[in-house]
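What's in protein.cif: mmCIF, C-alpha atoms
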```cif
data_data
#
loop_
_atom_site.label_atom_id
_atom_site.label_comp_id
_atom_site.auth_asym_id
_atom_site.auth_seq_id
_atom_site.Cartn_x
_atom_site.Cartn_y
_atom_site.Cartn_z
CA MET C 1 -7.84 -1.57 -30.99
CA MET C 2 -4.19 -1.55 -29.87
CA ASN C 3 -1.77 -4.12 -31.28
CA LYS C 4 1.12 -3.66 -28.83
CA LEU C 5 1.41 -2.59 -25.23
CA THR C 6 4.51 -2.00 -23.07
CA ILE C 7 4.12 -2.23 -19.29
CA GLY C 8 6.58 -0.63 -16.87
CA THR C 9 7.24 -2.25 -13.51
CA ARG C 10 9.79 -2.61 -10.74
CA GLY C 11 11.91 -5.75 -10.86
CA SER C 12 11.12 -7.40 -7.52
CA ASN C 13 9.46 -10.81 -7.46
CA LEU C 14 6.31 -9.21 -6.05
CA ALA C 15 6.23 -6.44 -8.69
CA LEU C 16 6.70 -8.97 -11.47
CA TYR C 17 3.97 -11.19 -10.02
CA GLN C 18 1.60 -8.22 -10.00
CA THR C 19 2.55 -7.28 -13.57
CA ASN C 20 2.04 -10.84 -14.79
CA LEU C 21 -1.40 -10.79 -13.16
CA VAL C 22 -2.24 -7.64 -15.12
CA ILE C 23 -0.93 -9.23 -18.34
CA LYS C 24 -3.05 -12.32 -17.74
CA ASN C 25 -6.16 -10.19 -17.26
CA ILE C 26 -5.46 -8.18 -20.42
CA ARG C 27 -4.84 -11.29 -22.51
CA ASN C 28 -8.05 -12.91 -21.25
CA LEU C 29 -10.01 -9.95 -22.61
CA TYR C 30 -7.83 -9.00 -25.59
CA PRO C 31 -5.79 -12.02 -26.74
CA SER C 32 -4.60 -10.24 -29.91
CA ILE C 33 -2.67 -7.53 -28.03
CA GLN C 34 1.08 -8.16 -27.81
CA VAL C 35 2.22 -7.26 -24.28
CA ASN C 36 5.85 -6.49 -23.40
CA THR C 37 7.40 -5.75 -20.02
CA LYS C 38 10.03 -3.11 -19.23
CA VAL C 39 11.71 -3.39 -15.81
CA ILE C 40 12.59 0.01 -14.34
CA LYS C 41 14.67 0.68 -11.23
CA THR C 42 13.27 3.27 -8.84
CA LYS C 43 15.12 5.14 -6.09
CA GLY C 44 13.64 2.62 -3.69
CA ASP C 45 15.40 -0.18 -5.58
CA VAL C 46 18.76 1.65 -5.79
CA PHE C 47 19.11 3.13 -2.30
CA LEU C 48 18.61 -0.10 -0.39
CA GLU C 49 20.29 1.17 2.77
CA LYS C 50 18.04 4.24 3.02
CA ASP C 51 15.90 4.21 6.17
CA LEU C 52 12.32 4.53 4.93
CA THR C 53 11.32 6.36 8.11
CA LYS C 54 13.54 9.24 6.89
CA VAL C 55 12.22 9.29 3.31
CA LEU C 56 10.31 12.44 2.38
CA ASP C 57 10.00 11.66 -1.35
CA LYS C 58 6.41 10.52 -1.91
CA GLY C 59 7.38 8.85 -5.20
CA PHE C 60 10.30 6.86 -3.79
CA PHE C 61 9.05 3.63 -5.42
CA THR C 62 7.19 5.09 -8.41
CA SER C 63 8.75 8.27 -9.87
CA GLU C 64 11.07 6.64 -12.40
CA ILE C 65 8.28 4.43 -13.73
CA GLN C 66 6.03 7.46 -14.07
CA ASP C 67 8.80 9.37 -15.87
CA ALA C 68 9.02 6.54 -18.41
CA LEU C 69 5.26 6.76 -18.89
CA TYR C 70 5.33 10.50 -19.59
CA ALA C 71 8.28 10.01 -21.98
CA LYS C 72 6.21 7.36 -23.85
CA GLU C 73 8.82 4.66 -23.19
CA ILE C 74 5.98 2.60 -21.71
CA ASP C 75 2.21 2.69 -22.16
CA LEU C 76 1.13 1.46 -18.76
CA ALA C 77 2.62 1.56 -15.26
CA VAL C 78 1.80 -1.10 -12.68
CA HIS C 79 2.09 0.00 -9.05
CA SER C 80 1.35 -1.24 -5.57
CA LEU C 81 -1.24 1.44 -4.87
CA LYS C 82 0.02 2.23 -1.39
CA ASP C 83 3.34 3.38 -2.95
CA LEU C 84 1.64 5.82 -5.33
CA PRO C 85 1.38 9.48 -4.22
CA THR C 86 -2.20 10.62 -3.62
CA GLU C 87 -1.76 13.66 -5.86
CA MET C 88 -1.58 12.44 -9.46
CA PRO C 89 0.20 14.48 -12.18
CA GLN C 90 -1.99 16.22 -14.78
CA ASP C 91 -0.65 14.03 -17.58
CA SER C 92 -1.71 10.68 -16.11
CA CYS C 93 -4.48 8.92 -14.24
CA ILE C 94 -5.25 5.72 -12.39
CA ALA C 95 -7.23 3.99 -15.13
CA ALA C 96 -8.07 0.86 -13.12
CA ILE C 97 -7.66 -0.85 -9.76
CA LEU C 98 -7.66 -4.65 -9.68
CA PRO C 99 -9.72 -6.51 -7.05
CA ARG C 100 -8.00 -6.10 -3.72
CA GLU C 101 -6.06 -8.92 -2.10
CA ASP C 102 -6.11 -9.43 1.67
CA TYR C 103 -5.81 -5.90 3.09
CA ARG C 104 -4.42 -6.91 6.51
CA ASP C 105 -0.94 -6.85 7.99
CA VAL C 106 0.58 -10.09 9.22
CA PHE C 107 3.09 -10.94 11.92
CA LEU C 108 5.87 -13.38 11.05
CA SER C 109 8.24 -14.78 13.65
CA THR C 110 10.82 -17.42 14.30
CA HIS C 111 9.39 -20.51 16.00
CA LYS C 112 5.86 -19.09 15.34
CA THR C 113 6.05 -17.00 18.51
CA PRO C 114 2.93 -14.75 18.79
CA LEU C 115 3.32 -10.99 19.00
CA SER C 116 1.88 -11.01 22.55
CA TYR C 117 4.98 -12.95 23.70
CA PHE C 118 7.43 -10.36 22.37
CA ASN C 119 9.36 -8.06 24.72
CA GLU C 120 12.30 -5.62 24.66
CA TYR C 121 14.73 -8.46 24.00
CA LYS C 122 13.14 -9.68 20.76
CA LYS C 123 13.75 -7.66 17.59
CA ILE C 124 10.83 -6.76 15.31
CA GLY C 125 11.67 -5.50 11.83
CA THR C 126 9.55 -2.88 10.09
CA SER C 127 10.31 0.28 8.13
CA SER C 128 6.77 1.59 8.52
CA LEU C 129 6.14 4.41 10.98
CA ARG C 130 2.46 3.47 10.85
CA ARG C 131 3.22 -0.06 12.05
CA LYS C 132 5.76 1.14 14.62
CA SER C 133 3.30 3.62 16.13
CA GLN C 134 0.57 1.01 16.50
CA LEU C 135 2.92 -1.66 17.86
CA LEU C 136 4.23 0.73 20.53
CA ALA C 137 0.66 1.70 21.41
CA VAL C 138 0.08 -1.95 22.35
CA ASN C 139 3.43 -2.45 24.13
CA ASN C 140 5.88 0.45 24.43
CA ASN C 141 8.66 -1.94 25.48
CA LEU C 142 8.87 -3.55 22.05
CA LYS C 143 12.22 -3.37 20.26
CA ILE C 144 11.46 -2.19 16.73
CA LEU C 145 14.23 -1.85 14.15
CA PRO C 146 14.20 -0.71 10.50
CA VAL C 147 14.44 -3.38 7.81
CA ARG C 148 14.82 -2.88 4.05
CA GLY C 149 14.45 -5.18 1.07
CA ASN C 150 11.71 -6.91 -0.86
CA VAL C 151 9.24 -9.20 0.89
CA ASP C 152 11.25 -12.38 0.27
CA THR C 153 14.51 -10.61 1.25
CA ARG C 154 13.04 -9.44 4.55
CA ILE C 155 11.78 -12.91 5.38
CA GLN C 156 15.22 -14.35 4.65
CA LYS C 157 16.79 -11.78 6.99
CA MET C 158 14.48 -13.03 9.74
CA LEU C 159 15.33 -16.67 8.99
CA ASP C 160 19.03 -15.75 9.09
CA GLY C 161 18.59 -14.47 12.65
CA ASN C 162 18.72 -10.71 12.06
CA PHE C 163 15.18 -10.33 13.42
CA ASP C 164 12.89 -12.37 15.66
CA GLY C 165 9.76 -11.06 13.98
CA LEU C 166 8.46 -8.99 11.06
CA VAL C 167 5.28 -7.11 10.22
CA LEU C 168 4.41 -7.27 6.51
CA ALA C 169 1.42 -6.80 4.24
CA ALA C 170 -0.56 -10.02 3.90
CA ALA C 171 -1.10 -9.37 0.19
CA GLY C 172 2.60 -9.49 -0.68
CA VAL C 173 3.25 -12.59 1.42
CA LYS C 174 0.29 -14.39 -0.15
CA ARG C 175 1.08 -13.38 -3.73
CA LEU C 176 4.56 -14.85 -3.35
CA GLY C 177 3.23 -18.07 -1.82
CA LEU C 178 5.04 -17.50 1.49
CA GLU C 179 2.06 -17.98 3.83
CA LYS C 180 3.89 -20.76 5.70
CA HIS C 181 5.92 -18.07 7.47
CA ILE C 182 2.86 -16.23 8.83
CA THR C 183 2.42 -16.52 12.60
CA GLU C 184 -0.79 -14.49 12.85
CA TYR C 185 -3.03 -12.08 10.96
CA LEU C 186 -3.33 -8.73 12.73
CA ASP C 187 -6.85 -7.45 13.32
CA SER C 188 -7.57 -3.89 12.16
CA ASP C 189 -8.33 -2.89 15.76
CA LEU C 190 -4.69 -3.65 16.54
CA MET C 191 -3.04 -2.70 13.24
CA LEU C 192 -4.97 -0.49 10.85
CA THR C 193 -3.42 -0.68 7.41
CA ALA C 194 -1.96 1.78 4.91
CA PRO C 195 -4.37 3.46 2.48
CA GLY C 196 -4.56 1.33 -0.66
CA GLN C 197 -2.81 -1.68 0.89
CA GLY C 198 -3.38 -4.89 -1.08
CA ALA C 199 -4.50 -3.09 -4.26
CA ILE C 200 -2.77 -2.94 -7.65
CA ALA C 201 -3.05 0.32 -9.59
CA LEU C 202 -2.81 0.72 -13.36
CA GLU C 203 -1.60 4.16 -14.41
CA THR C 204 -1.63 5.48 -17.97
CA ARG C 205 -1.51 8.78 -19.83
CA ASN C 206 -4.65 10.88 -19.80
CA SER C 207 -4.38 11.30 -23.55
CA ASP C 208 -4.42 7.55 -24.28
CA GLU C 209 -8.17 7.06 -24.71
CA LYS C 210 -7.89 3.65 -26.39
CA LEU C 211 -5.88 2.17 -23.54
CA LYS C 212 -8.10 3.77 -20.90
CA LYS C 213 -11.11 2.00 -22.43
CA ILE C 214 -9.25 -1.32 -22.37
CA LEU C 215 -8.17 -0.88 -18.75
CA TYR C 216 -11.62 0.19 -17.63
CA ARG C 217 -12.77 -3.40 -18.13
CA LEU C 218 -10.17 -4.52 -15.58
CA ASN C 219 -11.37 -2.08 -12.94
CA ASP C 220 -13.06 -3.42 -9.80
CA GLU C 221 -15.57 -0.73 -8.83
CA LYS C 222 -15.89 -1.62 -5.14
CA THR C 223 -12.13 -1.73 -4.65
CA TYR C 224 -11.79 1.54 -6.57
CA MET C 225 -14.31 3.30 -4.32
CA CYS C 226 -12.80 1.96 -1.10
CA VAL C 227 -9.17 2.77 -1.86
CA SER C 228 -10.15 6.17 -3.25
CA ALA C 229 -11.86 6.97 0.07
CA GLU C 230 -8.69 5.92 1.91
CA ARG C 231 -6.49 8.02 -0.39
CA SER C 232 -8.84 11.00 -0.02
CA PHE C 233 -8.31 10.76 3.74
CA LEU C 234 -4.52 10.62 3.31
CA ASN C 235 -4.47 13.44 0.76
CA THR C 236 -6.44 15.73 3.07
CA LEU C 237 -3.84 15.15 5.79
CA GLY C 238 -1.05 15.80 3.28
CA GLY C 239 0.74 12.52 3.99
CA GLY C 240 2.48 9.83 1.98
CA CYS C 241 3.13 6.15 2.56
CA HIS C 242 5.94 6.80 5.10
CA VAL C 243 3.89 8.48 7.84
CA PRO C 244 1.99 7.03 10.84
CA PHE C 245 -1.44 7.44 9.21
CA ALA C 246 -3.77 4.54 8.40
CA ALA C 247 -7.13 4.05 6.70
CA TYR C 248 -9.25 1.14 5.58
CA ALA C 249 -12.65 1.21 3.85
CA TYR C 250 -15.16 -1.54 3.09
CA ILE C 251 -18.67 -1.64 1.66
CA ILE C 252 -21.69 -3.15 3.41
CA ASN C 253 -25.26 -2.70 2.16
CA GLU C 254 -24.28 -0.01 -0.36
CA GLN C 255 -22.54 2.05 2.32
CA ILE C 256 -18.85 2.71 2.79
CA ASN C 257 -17.42 2.17 6.25
CA LEU C 258 -14.11 4.04 6.60
CA LYS C 259 -11.80 3.60 9.61
CA ALA C 260 -8.76 5.81 10.11
CA PHE C 261 -5.86 6.41 12.49
CA VAL C 262 -3.22 9.07 13.15
CA GLY C 263 -0.54 8.28 15.71
CA SER C 264 2.59 9.66 17.31
CA LEU C 265 5.96 8.04 16.62
CA ASP C 266 6.30 6.78 20.20
CA GLY C 267 2.82 5.21 20.25
CA GLU C 268 1.79 7.33 23.24
CA THR C 269 -0.86 9.39 21.45
CA ASN C 270 -3.28 8.52 18.67
CA VAL C 271 -6.65 9.44 17.26
CA LYS C 272 -8.96 6.81 15.78
CA ASP C 273 -12.33 7.41 14.18
CA MET C 274 -14.81 5.92 11.73
CA ILE C 275 -17.36 7.30 9.29
CA VAL C 276 -20.21 5.61 7.40
CA GLY C 277 -22.01 6.98 4.35
CA LYS C 278 -23.36 6.31 0.89
CA LYS C 279 -20.74 4.68 -1.31
CA GLU C 280 -21.18 7.34 -4.01
CA ARG C 281 -19.75 9.87 -1.52
CA TYR C 282 -16.47 7.98 -1.13
CA LEU C 283 -14.20 10.98 -1.79
CA HIS C 284 -16.18 13.27 0.50
CA LEU C 285 -16.18 10.69 3.29
CA GLY C 286 -12.38 10.48 3.25
CA LYS C 287 -12.10 14.25 3.48
CA GLU C 288 -14.74 14.51 6.22
CA LEU C 289 -13.06 11.87 8.36
CA ALA C 290 -9.65 13.51 7.97
CA GLU C 291 -11.06 16.88 9.06
CA ARG C 292 -12.76 15.24 12.03
CA ILE C 293 -9.53 13.57 13.13
CA LEU C 294 -7.60 16.82 12.69
CA ASN C 295 -10.08 18.63 14.94
CA ASN C 296 -9.96 15.91 17.61
CA GLY C 297 -6.23 15.92 18.28
CA GLY C 298 -4.76 14.97 14.93
CA LYS C 299 -3.44 18.48 14.27
CA GLU C 300 -1.28 18.38 17.39
CA ILE C 301 0.11 14.93 16.53
CA ILE C 302 0.98 16.00 12.98
CA SER C 303 2.62 19.22 14.15
CA HIS C 304 4.94 17.13 16.39
CA LEU C 305 5.73 14.82 13.46
CA LYS C 306 6.83 17.78 11.37
#
```

Output the structure of this file as structure tokens.
Amino acid sequence: MMNKLTIGTRGSNLALYQTNLVIKNIRNLYPSIQVNTKVIKTKGDVFLEKDLTKVLDKGFFTSEIQDALYAKEIDLAVHSLKDLPTEMPQDSCIAAILPREDYRDVFLSTHKTPLSYFNEYKKIGTSSLRRKSQLLAVNNNLKILPVRGNVDTRIQKMLDGNFDGLVLAAAGVKRLGLEKHITEYLDSDLMLTAPGQGAIALETRNSDEKLKKILYRLNDEKTYMCVSAERSFLNTLGGGCHVPFAAYAYIINEQINLKAFVGSLDGETNVKDMIVGKKERYLHLGKELAERILNNGGKEIISHLK
């Protein structure tokens, strides 16, 4: 049994909340383990003016934490799963996924104005091409502008008058206790979410068998299967978290239902599809759905994106 454990995390309020949740779960199972936290700045924390729609680095919010893991400066890395590249290095693995929070996106606005009332004169902040594509598919007159910063920072920018509305992940807003700012929850038919959204991933070294056994007890099997199907879809397309691709999986009666979306940047063209199959085939289902979407117009959309 391990005596000490050092966890690496980003320093935002949301990242620290997620890390403290992991620590709480570890201490509930293994109260004798001493757990320390090491805050690590990633490129995403340093280059705050960088437009995320122009970011090609798939590890923009994770690479430095992973480097510390490989250098044995930390034993465990805590990530928002949607930030983690789908191709994992040989030296590490996702040892556990915690139970998923609310997977949906939410719309926040001044004066609680619904999204359906927005027009070209009201500014919506989002740095997600996925969200922008789907918003423009609903109303191509919307004025969508990039916004950077942590969840609480973005909300403050809206309250300060820089934006009339925001689209954010429900999980982050809820974890920080900021639900009072939510105007509406966006249905997946309107806004399909990023692969892995709402899930917390625990990454450790492949060689650390003791820690992998400890973390396995924290793993939520249903969440793990669902987000792995979503990431399999994304990996087959070759995308990261800064592309207009979306996927969401859920389990009903021992079967995985996987929805997915690929859209153009202007919202004019998109391909949506869904696949259902045995939950044990979660990785294959993600790949199959990606290939189906590619063959039904997705290839052309992706070639224009490149």

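Closest approach to C:Asn140 among C:Thr269, C:Ser109, C:Asn253, C:Asn295: C:Thr269, based on all atoms listed in the file.
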
Since I can't run it myself right now, could you work out what the PyMOL selection byres ((chain C and resi 3-9) around 6) selects here and report it as a ChimeraX atom specification?
/C:2,10,33-40,74-78

A straight line from atom CA of C:Glu230 to atom CA of C:Gly196 spans 6.7 Å

Run the PyMOL selection byres ((chain C and resi 142) around 9) on the file and write out the hits as number ranges by chain.
C: 118-124, 135-136, 138-141, 143-144

List the spatial neighbours of C:Leu285 as JSON, numbers by chain - criterion: any atom at most 8 Å away, only C-alpha atoms, same-chain residues fewer than 6 positions off excluded.
{"C": [229, 233, 258, 275, 276, 277]}

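All residues of protein, DNA or RNA that reach within 8 Å of C:Ala260, judged by all atoms listed in the file and not counting those fewer than 5 positions away in the chain, are Leu192, Phe245, Ala246, Ala247, Tyr248, Lys272, Asp273, Met274 and Leu289 of chain C.
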
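Counting all atoms listed in the file and comparing C:Cys93, C:Val243, C:Ile252, C:Val106, the residue that lies closest to C:Lys174 is C:Val106.
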
For C:Thr204, the closest of C:Gly59, C:Pro89, C:Gly298, C:Pro31 counting all atoms listed in the file is C:Pro89

Written as a ChimeraX atom specification, which residues does the PyMOL selection byres ((chain C and resi 220) around 9) give for the file shown?
/C:96-100,216-219,221-225

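Candidate residues C:Leu190, C:Leu176, C:Leu145, C:Leu108 were compared for distance to C:Met158, and the nearest is C:Leu108, using only C-alpha atoms.
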
Atom CA of C:Thr193 to atom CA of C:Arg104: how many Å, to one decimal?
6.4 Å

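Checking C:Ile26, C:Ile293, C:Leu186, C:Leu81 one by one against C:Arg231, counting all atoms listed in the file, you find the shortest gap at C:Leu81.
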